[in-house]
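Novice: Have a look at the structure that comes next, please.
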Amino acid sequence: MANPVVITAALNGPVAVPGDNPNLPTSPEAVAAAAKACYEEGAAVVHFHTRGPDGLPTPDYGCAKATLEAIHEACPVLTQISTGGFFPHEERIKLVELKPRMASLNVCTMTFGDKEFLNPPLGVRKMAARMRELGVKAELEIYDTSHLEFALRLLKEGLLVEPLQFSVVLGVIGGATATPENLITLVSRMPPGSVWQMIGVGSKANLMLTSIALAMGGNARTGLEDLLYIAKGVMADNPGLIRRLVNVAKAMERTPATPAEAEKMLQLPKLN
Ligand code: KMH
Ligand code: ZN
């Protein structure tokens, strides 16, 4: 396959509520339907946050399990569960026991808009160790250079397995600004052989930076977690965002990877 790219759909996130955009999927059925629609548009991976029956974020294990199972029933996409969000770290860590193929690993505490995103060093080490034990690949979300440095420290400590899988997240208030310079700096400091994708937060940053990442040879993510409007005053929906990103990739002669191809490109470990 010529110049393949792993496209990830980030379906809902830890912040937006259906009142912000009615296309935001929250129930297991709605998340699974969105996953299937995104898979059909070219996504190989879905990243999702667990929502409760009220549609709000929850770290509830049962809700996460029901959502993961619903996605797997709906389509063969690779699943990446979020261990992020604004709940105590001890509750978030339990989600890796569900053994998705990948789980997010946020390595540093930070300001996140008007919230505190708490990722205490000991908890992060515990989560990384458990993921390694289970064969769940860590998707390292890095919001600034210091996060990359801390991830490299975890690698030295034997808590991560190469190739490292980075998500460069730019545009969060409290993290690095969404500029091409910041993307280039972060990518240039990754160890050789790392795989990476771009996450641009906000409508403008998302299209601009995912397009630049595709041109640089990186992978890219989009979805309602990262932006709510596809154009000024026009609400986005998940499959529509994936379609737009796939069209940008194809214009650059990059082919969206299937889940089986993505599994190889990301060198996902076997689950234990
Ligand atoms: N919305 C993301 C950029 C995670 O999924 O682990 C931050 C986040 C982290 O939600
Ligand atoms: Zn997320």
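In the structure tokens, chains take letters A, B, ... by order of appearance, with residues numbered from 1 within each chain and ligands from 1 in the order shown.
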Please run DSSP on the backbone and report, as a list in words, all residues within stretch 111-146 of chain A that come out as strand (DSSP E).
Specialist: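 Everything in stretch 111-146 of chain A that counts as strand (DSSP E) is Thr111, Phe112, Lys115, Glu116, Phe117, Lys137, Ala138, Glu139, Leu140, Glu141 and Ile142 of chain A.
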Novice: Could you take the residues named above and write them with all heavy atoms, as a short mmCIF file (atom, residue, chain, number, x, y, z; two decimals), in the first residue's frame?
Specialist:
data_model
loop_
_atom_site.label_atom_id
_atom_site.label_comp_id
_atom_site.auth_asym_id
_atom_site.auth_seq_id
_atom_site.Cartn_x
_atom_site.Cartn_y
_atom_site.Cartn_z
N THR A 111 -2.46 22.25 33.81
CA THR A 111 -3.70 23.04 33.71
C THR A 111 -4.35 22.66 32.40
O THR A 111 -3.68 22.51 31.37
CB THR A 111 -3.35 24.55 33.71
OG1 THR A 111 -2.84 24.86 35.00
CG2 THR A 111 -4.55 25.41 33.38
N PHE A 112 -5.66 22.48 32.40
CA PHE A 112 -6.38 22.07 31.19
C PHE A 112 -7.62 22.96 31.10
O PHE A 112 -8.64 22.69 31.73
CB PHE A 112 -6.75 20.59 31.31
CG PHE A 112 -7.10 19.90 30.03
CD1 PHE A 112 -6.21 19.01 29.43
CD2 PHE A 112 -8.31 20.14 29.40
CE1 PHE A 112 -6.53 18.37 28.24
CE2 PHE A 112 -8.64 19.51 28.22
CZ PHE A 112 -7.75 18.62 27.63
N LYS A 115 -9.60 23.61 34.23
CA LYS A 115 -9.55 22.42 35.11
C LYS A 115 -8.10 22.04 35.41
O LYS A 115 -7.18 22.49 34.75
CB LYS A 115 -10.22 21.23 34.42
CG LYS A 115 -11.69 21.42 34.11
CD LYS A 115 -12.21 20.18 33.40
CE LYS A 115 -13.54 20.38 32.72
NZ LYS A 115 -14.68 20.60 33.59
N GLU A 116 -7.97 21.15 36.40
CA GLU A 116 -6.66 20.55 36.71
C GLU A 116 -6.66 19.13 36.19
O GLU A 116 -7.55 18.34 36.55
CB GLU A 116 -6.46 20.48 38.23
CG GLU A 116 -6.06 21.78 38.86
CD GLU A 116 -5.86 21.57 40.36
OE1 GLU A 116 -6.72 20.91 41.01
OE2 GLU A 116 -4.85 22.04 40.87
N PHE A 117 -5.68 18.80 35.38
CA PHE A 117 -5.57 17.43 34.84
C PHE A 117 -4.45 16.76 35.63
O PHE A 117 -3.27 17.03 35.42
CB PHE A 117 -5.26 17.52 33.35
CG PHE A 117 -5.31 16.21 32.61
CD1 PHE A 117 -5.99 15.11 33.11
CD2 PHE A 117 -4.70 16.09 31.37
CE1 PHE A 117 -6.05 13.92 32.42
CE2 PHE A 117 -4.74 14.91 30.66
CZ PHE A 117 -5.42 13.82 31.17
N LYS A 137 -1.00 -1.16 24.52
CA LYS A 137 -0.02 -0.17 24.06
C LYS A 137 -0.34 1.22 24.62
O LYS A 137 -1.49 1.67 24.57
CB LYS A 137 -0.02 -0.11 22.53
CG LYS A 137 1.02 0.80 21.93
CD LYS A 137 2.40 0.17 21.96
CE LYS A 137 3.49 1.10 21.50
NZ LYS A 137 4.80 0.47 21.51
N ALA A 138 0.69 1.88 25.14
CA ALA A 138 0.50 3.23 25.69
C ALA A 138 0.51 4.26 24.57
O ALA A 138 1.49 4.36 23.83
CB ALA A 138 1.62 3.54 26.68
N GLU A 139 -0.58 4.99 24.48
CA GLU A 139 -0.64 6.13 23.54
C GLU A 139 -0.27 7.35 24.37
O GLU A 139 -1.03 7.81 25.22
CB GLU A 139 -2.07 6.23 22.98
CG GLU A 139 -2.29 7.38 22.02
CD GLU A 139 -3.34 8.38 22.49
OE1 GLU A 139 -4.12 8.05 23.42
OE2 GLU A 139 -3.37 9.49 21.95
N LEU A 140 0.96 7.83 24.16
CA LEU A 140 1.51 8.89 25.02
C LEU A 140 1.03 10.25 24.54
O LEU A 140 1.45 10.71 23.47
CB LEU A 140 3.04 8.83 24.96
CG LEU A 140 3.64 7.52 25.48
CD1 LEU A 140 5.04 7.29 24.90
CD2 LEU A 140 3.68 7.53 27.00
N GLU A 141 0.14 10.86 25.30
CA GLU A 141 -0.36 12.18 24.89
C GLU A 141 0.58 13.24 25.46
O GLU A 141 0.72 13.37 26.68
CB GLU A 141 -1.80 12.36 25.35
CG GLU A 141 -2.71 11.31 24.72
CD GLU A 141 -4.15 11.75 24.49
OE1 GLU A 141 -4.48 12.92 24.76
OE2 GLU A 141 -4.94 10.91 24.02
N ILE A 142 1.25 13.96 24.58
CA ILE A 142 2.21 14.97 25.04
C ILE A 142 1.73 16.36 24.60
O ILE A 142 1.46 16.60 23.44
CB ILE A 142 3.65 14.67 24.55
CG1 ILE A 142 3.72 14.48 23.03
CG2 ILE A 142 4.19 13.42 25.25
CD1 ILE A 142 5.15 14.47 22.49
#
Novice: Can you list, as a list in words, every protein, DNA or RNA residue that comes within 12 Å of A:Gly158 when you count only C-alpha atoms, leaving out same-chain residues fewer than 2 positions away?
Specialist: Arg125, Ala128, Ala129, Arg132, Glu133, Ala151, Leu152, Arg153, Leu154, Leu155, Lys156, Leu160, Val161 and Glu162 of chain A
Novice: Any chance you could export the current selection's N, CA, C and O atoms as an mmCIF file, in the first residue's frame?
Specialist:
data_model
loop_
_atom_site.group_PDB
_atom_site.id
_atom_site.type_symbol
_atom_site.label_atom_id
_atom_site.label_comp_id
_atom_site.auth_asym_id
_atom_site.auth_seq_id
_atom_site.Cartn_x
_atom_site.Cartn_y
_atom_site.Cartn_z
ATOM 1 N N ARG A 125 3.470 5.961 36.707
ATOM 2 C CA ARG A 125 4.371 4.794 36.619
ATOM 3 C C ARG A 125 3.577 3.487 36.806
ATOM 4 O O ARG A 125 3.807 2.508 36.106
ATOM 5 N N ALA A 128 1.587 2.828 33.636
ATOM 6 C CA ALA A 128 2.462 2.383 32.543
ATOM 7 C C ALA A 128 2.889 0.930 32.760
ATOM 8 O O ALA A 128 2.876 0.114 31.818
ATOM 9 N N ALA A 129 3.226 0.598 33.999
ATOM 10 C CA ALA A 129 3.684 -0.765 34.298
ATOM 11 C C ALA A 129 2.567 -1.777 34.037
ATOM 12 O O ALA A 129 2.792 -2.848 33.459
ATOM 13 N N ARG A 132 1.998 -2.261 30.342
ATOM 14 C CA ARG A 132 3.074 -3.089 29.773
ATOM 15 C C ARG A 132 2.812 -4.570 30.079
ATOM 16 O O ARG A 132 2.931 -5.437 29.211
ATOM 17 N N GLU A 133 2.425 -4.831 31.327
ATOM 18 C CA GLU A 133 2.147 -6.208 31.760
ATOM 19 C C GLU A 133 1.025 -6.851 30.939
ATOM 20 O O GLU A 133 1.097 -8.014 30.564
ATOM 21 N N ALA A 151 8.249 11.220 29.348
ATOM 22 C CA ALA A 151 7.987 9.926 28.695
ATOM 23 C C ALA A 151 9.316 9.214 28.430
ATOM 24 O O ALA A 151 9.420 7.986 28.615
ATOM 25 N N LEU A 152 10.336 9.962 28.037
ATOM 26 C CA LEU A 152 11.641 9.336 27.774
ATOM 27 C C LEU A 152 12.251 8.782 29.059
ATOM 28 O O LEU A 152 12.924 7.751 29.064
ATOM 29 N N ARG A 153 11.973 9.466 30.166
ATOM 30 C CA ARG A 153 12.426 8.960 31.473
ATOM 31 C C ARG A 153 11.740 7.624 31.778
ATOM 32 O O ARG A 153 12.364 6.673 32.231
ATOM 33 N N LEU A 154 10.438 7.546 31.504
ATOM 34 C CA LEU A 154 9.702 6.286 31.740
ATOM 35 C C LEU A 154 10.268 5.166 30.865
ATOM 36 O O LEU A 154 10.345 4.007 31.287
ATOM 37 N N LEU A 155 10.666 5.530 29.658
ATOM 38 C CA LEU A 155 11.267 4.526 28.768
ATOM 39 C C LEU A 155 12.560 4.002 29.386
ATOM 40 O O LEU A 155 12.786 2.784 29.431
ATOM 41 N N LYS A 156 13.379 4.918 29.888
ATOM 42 C CA LYS A 156 14.659 4.518 30.506
ATOM 43 C C LYS A 156 14.422 3.619 31.712
ATOM 44 O O LYS A 156 15.216 2.739 32.013
ATOM 45 N N LEU A 160 8.033 1.578 29.482
ATOM 46 C CA LEU A 160 7.414 1.682 28.153
ATOM 47 C C LEU A 160 8.165 0.778 27.187
ATOM 48 O O LEU A 160 9.340 0.497 27.386
ATOM 49 N N VAL A 161 7.457 0.367 26.149
ATOM 50 C CA VAL A 161 8.057 -0.508 25.140
ATOM 51 C C VAL A 161 8.167 0.269 23.826
ATOM 52 O O VAL A 161 7.223 0.939 23.419
ATOM 53 N N GLU A 162 9.321 0.175 23.165
ATOM 54 C CA GLU A 162 9.477 0.822 21.861
ATOM 55 C C GLU A 162 8.822 -0.029 20.771
ATOM 56 O O GLU A 162 8.754 -1.242 20.934
#
Novice: Identify, with DSSP run on backbone atoms, the residues in stretch 124-265 of chain A assigned to helix (DSSP H, G or I), and express the list as a PyMOL selection string.
Specialist: chain A and resi 124-134+145-156+180-188+203-216+238-251+259-265
Novice: If we count only C-alpha atoms and set the cut-off at 8 Å, which residues sit around stretch 182-195 of chain A, ignoring sequence neighbours fewer than 3 positions away in its own chain? Please answer as an mmCIF file with all heavy atoms, in the first residue's frame.
Specialist:
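Generated output (out-v7.cif):
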data_model
loop_
_atom_site.group_PDB
_atom_site.id
_atom_site.type_symbol
_atom_site.label_atom_id
_atom_site.label_comp_id
_atom_site.auth_asym_id
_atom_site.auth_seq_id
_atom_site.Cartn_x
_atom_site.Cartn_y
_atom_site.Cartn_z
ATOM 1 N N ASP A 144 3.370 19.235 25.636
ATOM 2 C CA ASP A 144 4.477 20.186 25.739
ATOM 3 C C ASP A 144 5.785 19.395 25.767
ATOM 4 O O ASP A 144 5.759 18.175 25.953
ATOM 5 C CB ASP A 144 4.333 21.014 27.034
ATOM 6 C CG ASP A 144 4.799 22.439 26.821
ATOM 7 O OD1 ASP A 144 5.722 22.640 26.013
ATOM 8 O OD2 ASP A 144 4.246 23.348 27.466
ATOM 9 N N THR A 145 6.903 20.109 25.642
ATOM 10 C CA THR A 145 8.194 19.409 25.585
ATOM 11 C C THR A 145 8.488 18.633 26.873
ATOM 12 O O THR A 145 9.054 17.549 26.831
ATOM 13 C CB THR A 145 9.352 20.401 25.327
ATOM 14 O OG1 THR A 145 9.146 21.538 26.142
ATOM 15 C CG2 THR A 145 9.404 20.819 23.878
ATOM 16 N N LEU A 148 7.225 15.147 26.831
ATOM 17 C CA LEU A 148 8.063 14.248 26.027
ATOM 18 C C LEU A 148 9.274 13.800 26.846
ATOM 19 O O LEU A 148 9.619 12.608 26.877
ATOM 20 C CB LEU A 148 8.496 14.972 24.748
ATOM 21 C CG LEU A 148 9.518 14.301 23.837
ATOM 22 C CD1 LEU A 148 9.071 12.920 23.393
ATOM 23 C CD2 LEU A 148 9.770 15.152 22.605
ATOM 24 N N GLU A 162 9.321 0.175 23.165
ATOM 25 C CA GLU A 162 9.477 0.822 21.861
ATOM 26 C C GLU A 162 8.822 -0.029 20.771
ATOM 27 O O GLU A 162 8.754 -1.242 20.934
ATOM 28 C CB GLU A 162 10.958 1.048 21.562
ATOM 29 C CG GLU A 162 11.524 2.176 22.433
ATOM 30 C CD GLU A 162 12.938 2.565 22.033
ATOM 31 O OE1 GLU A 162 13.849 1.755 22.298
ATOM 32 O OE2 GLU A 162 13.111 3.662 21.458
ATOM 33 N N PRO A 163 8.363 0.581 19.694
ATOM 34 C CA PRO A 163 8.436 1.999 19.415
ATOM 35 C C PRO A 163 7.446 2.784 20.281
ATOM 36 O O PRO A 163 6.310 2.337 20.512
ATOM 37 C CB PRO A 163 8.025 2.089 17.939
ATOM 38 C CG PRO A 163 7.096 0.936 17.740
ATOM 39 C CD PRO A 163 7.639 -0.164 18.619
ATOM 40 N N LEU A 164 7.879 3.957 20.741
ATOM 41 C CA LEU A 164 6.954 4.800 21.481
ATOM 42 C C LEU A 164 5.887 5.309 20.519
ATOM 43 O O LEU A 164 6.166 5.569 19.355
ATOM 44 C CB LEU A 164 7.701 5.973 22.124
ATOM 45 C CG LEU A 164 8.761 5.584 23.159
ATOM 46 C CD1 LEU A 164 9.355 6.828 23.810
ATOM 47 C CD2 LEU A 164 8.203 4.648 24.220
ATOM 48 N N GLN A 165 4.678 5.394 21.055
ATOM 49 C CA GLN A 165 3.568 5.897 20.238
ATOM 50 C C GLN A 165 3.122 7.237 20.827
ATOM 51 O O GLN A 165 2.524 7.264 21.907
ATOM 52 C CB GLN A 165 2.411 4.890 20.248
ATOM 53 C CG GLN A 165 1.290 5.271 19.305
ATOM 54 C CD GLN A 165 0.044 4.397 19.452
ATOM 55 O OE1 GLN A 165 -1.068 4.893 19.536
ATOM 56 N NE2 GLN A 165 0.224 3.091 19.494
ATOM 57 N N PHE A 166 3.471 8.317 20.143
ATOM 58 C CA PHE A 166 3.156 9.647 20.658
ATOM 59 C C PHE A 166 1.929 10.243 19.972
ATOM 60 O O PHE A 166 1.741 10.068 18.770
ATOM 61 C CB PHE A 166 4.315 10.612 20.394
ATOM 62 C CG PHE A 166 5.530 10.375 21.249
ATOM 63 C CD1 PHE A 166 6.677 9.808 20.710
ATOM 64 C CD2 PHE A 166 5.527 10.730 22.593
ATOM 65 C CE1 PHE A 166 7.811 9.596 21.494
ATOM 66 C CE2 PHE A 166 6.649 10.514 23.384
ATOM 67 C CZ PHE A 166 7.795 9.950 22.829
ATOM 68 N N VAL A 168 0.895 14.125 19.602
ATOM 69 C CA VAL A 168 1.267 15.518 19.878
ATOM 70 C C VAL A 168 -0.036 16.306 19.985
ATOM 71 O O VAL A 168 -0.774 16.426 19.009
ATOM 72 C CB VAL A 168 2.141 16.082 18.736
ATOM 73 C CG1 VAL A 168 2.462 17.548 18.981
ATOM 74 C CG2 VAL A 168 3.418 15.259 18.584
ATOM 75 N N LEU A 170 -1.729 19.780 20.596
ATOM 76 C CA LEU A 170 -1.453 21.219 20.635
ATOM 77 C C LEU A 170 -2.766 21.996 20.633
ATOM 78 O O LEU A 170 -3.721 21.619 19.932
ATOM 79 C CB LEU A 170 -0.599 21.639 19.435
ATOM 80 C CG LEU A 170 0.810 21.008 19.356
ATOM 81 C CD1 LEU A 170 1.538 21.456 18.089
ATOM 82 C CD2 LEU A 170 1.648 21.342 20.601
ATOM 83 N N ALA A 176 1.116 23.479 25.083
ATOM 84 C CA ALA A 176 1.754 24.291 24.043
ATOM 85 C C ALA A 176 0.727 24.742 23.001
ATOM 86 O O ALA A 176 -0.264 24.054 22.726
ATOM 87 C CB ALA A 176 2.867 23.490 23.376
ATOM 88 N N THR A 177 0.988 25.912 22.446
ATOM 89 C CA THR A 177 0.092 26.516 21.444
ATOM 90 C C THR A 177 0.121 25.698 20.151
ATOM 91 O O THR A 177 1.109 25.036 19.844
ATOM 92 C CB THR A 177 0.597 27.949 21.135
ATOM 93 O OG1 THR A 177 0.870 28.580 22.371
ATOM 94 C CG2 THR A 177 -0.430 28.768 20.385
ATOM 95 N N ALA A 178 -0.974 25.786 19.411
ATOM 96 C CA ALA A 178 -1.086 25.032 18.160
ATOM 97 C C ALA A 178 -0.359 25.767 17.037
ATOM 98 O O ALA A 178 -0.968 26.515 16.273
ATOM 99 C CB ALA A 178 -2.560 24.824 17.817
ATOM 100 N N THR A 179 0.954 25.533 16.959
ATOM 101 C CA THR A 179 1.731 26.138 15.867
ATOM 102 C C THR A 179 2.555 25.050 15.180
ATOM 103 O O THR A 179 2.956 24.068 15.818
ATOM 104 C CB THR A 179 2.721 27.211 16.385
ATOM 105 O OG1 THR A 179 3.684 26.567 17.232
ATOM 106 C CG2 THR A 179 2.023 28.317 17.154
ATOM 107 N N GLY A 218 3.371 11.943 9.283
ATOM 108 C CA GLY A 218 2.806 11.456 10.545
ATOM 109 C C GLY A 218 1.397 10.910 10.363
ATOM 110 O O GLY A 218 0.829 10.961 9.268
ATOM 111 N N ASN A 219 0.861 10.387 11.452
ATOM 112 C CA ASN A 219 -0.535 9.963 11.476
ATOM 113 C C ASN A 219 -1.385 11.115 12.008
ATOM 114 O O ASN A 219 -0.850 12.116 12.495
ATOM 115 C CB ASN A 219 -0.681 8.728 12.357
ATOM 116 C CG ASN A 219 0.098 7.544 11.796
ATOM 117 O OD1 ASN A 219 0.044 7.264 10.593
ATOM 118 N ND2 ASN A 219 0.839 6.841 12.651
ATOM 119 N N LEU A 266 1.687 0.326 13.880
ATOM 120 C CA LEU A 266 1.841 0.791 15.269
ATOM 121 C C LEU A 266 2.592 -0.241 16.120
ATOM 122 O O LEU A 266 2.900 0.021 17.291
ATOM 123 C CB LEU A 266 0.460 1.078 15.888
ATOM 124 C CG LEU A 266 -0.387 2.127 15.166
ATOM 125 C CD1 LEU A 266 -1.799 2.188 15.762
ATOM 126 C CD2 LEU A 266 0.257 3.512 15.230
#
Novice: Counting only C-alpha atoms and all ligand atoms, what residues are within 8 Å of ligand 1, given as a list in words?
Specialist: Gly13, Pro14, Val15, His47, Phe48, His49, Ile81, Ser82, Thr83, Gly84, Gly85, Ala103, Ser104, Leu105, Asn106, Glu141, Val169, Val172, Ile199, Val201, Glu225 and Asp226 of chain A
Novice: Show which residues sit within 12 Å of A:Ile230, as a count of residues only. Count only C-alpha atoms, and ignore same-chain residues fewer than 6 positions away.
Specialist: 20
Novice: From the options A:Pro57, A:Gly233, A:Pro76, A:Pro120, which residue's atoms come nearest to ligand 2, counting only C-alpha atoms and all ligand atoms?
Specialist: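 Using only C-alpha atoms and all ligand atoms, the shortest distance to ligand 2 belongs to A:Pro57.
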Novice: Which is closer to A:Val17 than all the others in A:Pro4, A:Pro121, A:Gly42, A:Gly52, using only C-alpha atoms?
Specialist: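 Answer, going by the shortest atom-to-atom distance: A:Gly52.
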Novice: Pick out the closest residue to ligand 2 from this set: A:Ala66, A:Val46, A:Leu268, A:Ala2. Count only C-alpha atoms and all ligand atoms.
Specialist: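 When distances to ligand 2 are compared using only C-alpha atoms and all ligand atoms, the smallest one comes from A:Val46.
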Novice: One decimal, Å: what's the distance from atom CA of A:Ala231 over to atom CA of A:Gln197, could you say?
Specialist: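 Distance reported for this atom pair: 22.6 Å.
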Novice: Between A:Ala257, A:Arg101, A:His147, A:Ala74, which has the minimum distance to A:Ser167 (counting only C-alpha atoms)?
Specialist: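 Checking each of A:Ala257, A:Arg101, A:His147, A:Ala74 against A:Ser167, counting only C-alpha atoms, the winner is A:His147.
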Novice: Between A:Val234, A:Thr50, A:Ala220, A:Leu209, which has the minimum distance to ligand 2 (counting only C-alpha atoms and all ligand atoms)?
Specialist: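 Looking at the shortest contact to ligand 2, the residue is A:Thr50.
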Novice: Applying 9 Å and only C-alpha atoms, which residues near A:Ala35 remain after dropping the ones on its own chain fewer than 2 positions away? List them as an mmCIF file with N, CA, C and O atoms, in the first residue's frame.
Specialist:
data_model
loop_
_atom_site.group_PDB
_atom_site.id
_atom_site.type_symbol
_atom_site.label_atom_id
_atom_site.label_comp_id
_atom_site.auth_asym_id
_atom_site.auth_seq_id
_atom_site.Cartn_x
_atom_site.Cartn_y
_atom_site.Cartn_z
ATOM 1 N N ALA A 9 -10.237 8.189 15.019
ATOM 2 C CA ALA A 9 -11.449 8.972 15.301
ATOM 3 C C ALA A 9 -11.579 9.123 16.814
ATOM 4 O O ALA A 9 -11.647 8.120 17.530
ATOM 5 N N LEU A 11 -14.022 10.138 19.385
ATOM 6 C CA LEU A 11 -15.469 10.271 19.201
ATOM 7 C C LEU A 11 -16.179 11.250 20.125
ATOM 8 O O LEU A 11 -17.169 11.859 19.738
ATOM 9 N N ALA A 30 -24.591 4.457 20.736
ATOM 10 C CA ALA A 30 -24.261 5.616 19.892
ATOM 11 C C ALA A 30 -22.758 5.677 19.603
ATOM 12 O O ALA A 30 -22.337 5.995 18.488
ATOM 13 N N VAL A 31 -21.945 5.337 20.611
ATOM 14 C CA VAL A 31 -20.491 5.347 20.400
ATOM 15 C C VAL A 31 -20.127 4.268 19.369
ATOM 16 O O VAL A 31 -19.317 4.504 18.451
ATOM 17 N N ALA A 32 -20.772 3.097 19.496
ATOM 18 C CA ALA A 32 -20.474 2.008 18.548
ATOM 19 C C ALA A 32 -20.920 2.384 17.135
ATOM 20 O O ALA A 32 -20.209 2.102 16.155
ATOM 21 N N ALA A 33 -22.058 3.036 17.014
ATOM 22 C CA ALA A 33 -22.539 3.440 15.677
ATOM 23 C C ALA A 33 -21.585 4.471 15.076
ATOM 24 O O ALA A 33 -21.266 4.418 13.878
ATOM 25 N N ALA A 37 -19.360 4.072 11.662
ATOM 26 C CA ALA A 37 -19.431 5.061 10.570
ATOM 27 C C ALA A 37 -18.035 5.619 10.269
ATOM 28 O O ALA A 37 -17.675 5.812 9.105
ATOM 29 N N CYS A 38 -17.247 5.844 11.295
ATOM 30 C CA CYS A 38 -15.883 6.373 11.082
ATOM 31 C C CYS A 38 -14.989 5.323 10.439
ATOM 32 O O CYS A 38 -14.172 5.634 9.569
ATOM 33 N N TYR A 39 -15.150 4.079 10.866
ATOM 34 C CA TYR A 39 -14.395 2.974 10.246
ATOM 35 C C TYR A 39 -14.723 2.919 8.750
ATOM 36 O O TYR A 39 -13.826 2.797 7.902
ATOM 37 N N GLU A 40 -15.989 3.045 8.427
ATOM 38 C CA GLU A 40 -16.385 2.982 7.012
ATOM 39 C C GLU A 40 -15.826 4.158 6.207
ATOM 40 O O GLU A 40 -15.613 4.065 5.009
ATOM 41 N N ALA A 43 -11.279 5.370 9.152
ATOM 42 C CA ALA A 43 -10.552 5.342 10.437
ATOM 43 C C ALA A 43 -10.160 3.895 10.764
ATOM 44 O O ALA A 43 -10.966 2.975 10.600
ATOM 45 N N VAL A 45 -8.595 3.360 13.889
ATOM 46 C CA VAL A 45 -8.572 3.369 15.361
ATOM 47 C C VAL A 45 -9.691 4.280 15.857
ATOM 48 O O VAL A 45 -9.940 5.328 15.264
ATOM 49 N N VAL A 46 -10.357 3.868 16.949
ATOM 50 C CA VAL A 46 -11.244 4.827 17.625
ATOM 51 C C VAL A 46 -10.770 5.031 19.058
ATOM 52 O O VAL A 46 -10.426 4.077 19.759
ATOM 53 N N ILE A 71 -18.528 -1.516 20.596
ATOM 54 C CA ILE A 71 -17.688 -1.134 19.431
ATOM 55 C C ILE A 71 -17.183 -2.399 18.738
ATOM 56 O O ILE A 71 -17.251 -2.523 17.516
ATOM 57 N N ALA A 74 -19.700 -3.974 16.644
ATOM 58 C CA ALA A 74 -20.138 -3.193 15.478
ATOM 59 C C ALA A 74 -19.172 -3.258 14.306
ATOM 60 O O ALA A 74 -19.586 -3.225 13.149
ATOM 61 N N CYS A 75 -17.875 -3.297 14.581
ATOM 62 C CA CYS A 75 -16.902 -3.219 13.483
ATOM 63 C C CYS A 75 -15.512 -3.643 13.960
ATOM 64 O O CYS A 75 -15.260 -3.692 15.161
ATOM 65 N N VAL A 77 -12.660 -2.175 14.025
ATOM 66 C CA VAL A 77 -11.730 -1.078 14.279
ATOM 67 C C VAL A 77 -10.879 -1.377 15.527
ATOM 68 O O VAL A 77 -11.303 -2.114 16.412
ATOM 69 N N ASN A 238 -18.814 13.125 13.662
ATOM 70 C CA ASN A 238 -17.594 12.302 13.591
ATOM 71 C C ASN A 238 -17.282 11.781 12.182
ATOM 72 O O ASN A 238 -16.165 12.008 11.688
ATOM 73 N N PRO A 239 -18.237 11.101 11.507
ATOM 74 C CA PRO A 239 -17.868 10.576 10.186
ATOM 75 C C PRO A 239 -17.505 11.685 9.191
ATOM 76 O O PRO A 239 -16.625 11.507 8.346
#
Novice: With distances taken over only C-alpha atoms and all ligand atoms, which residue among A:Ser146, A:Thr109, A:Thr258, A:Gln80 lies nearest ligand 2?
Specialist: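 Between A:Ser146, A:Thr109, A:Thr258, A:Gln80, the residue approaching ligand 2 most closely is A:Gln80.
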Novice: Report the distance between atom CA of A:Gly123 and atom CA of A:Glu91 in Å, rounded to one decimal place.
Specialist: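 Computing it gives 10.6 Å between the two atoms.
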Novice: Atom CA of A:Met131 and atom CA of A:Lys65, how far apart in Å?
Specialist: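 Going from atom CA of A:Lys65 over to atom CA of A:Met131, I get 16.7 Å.
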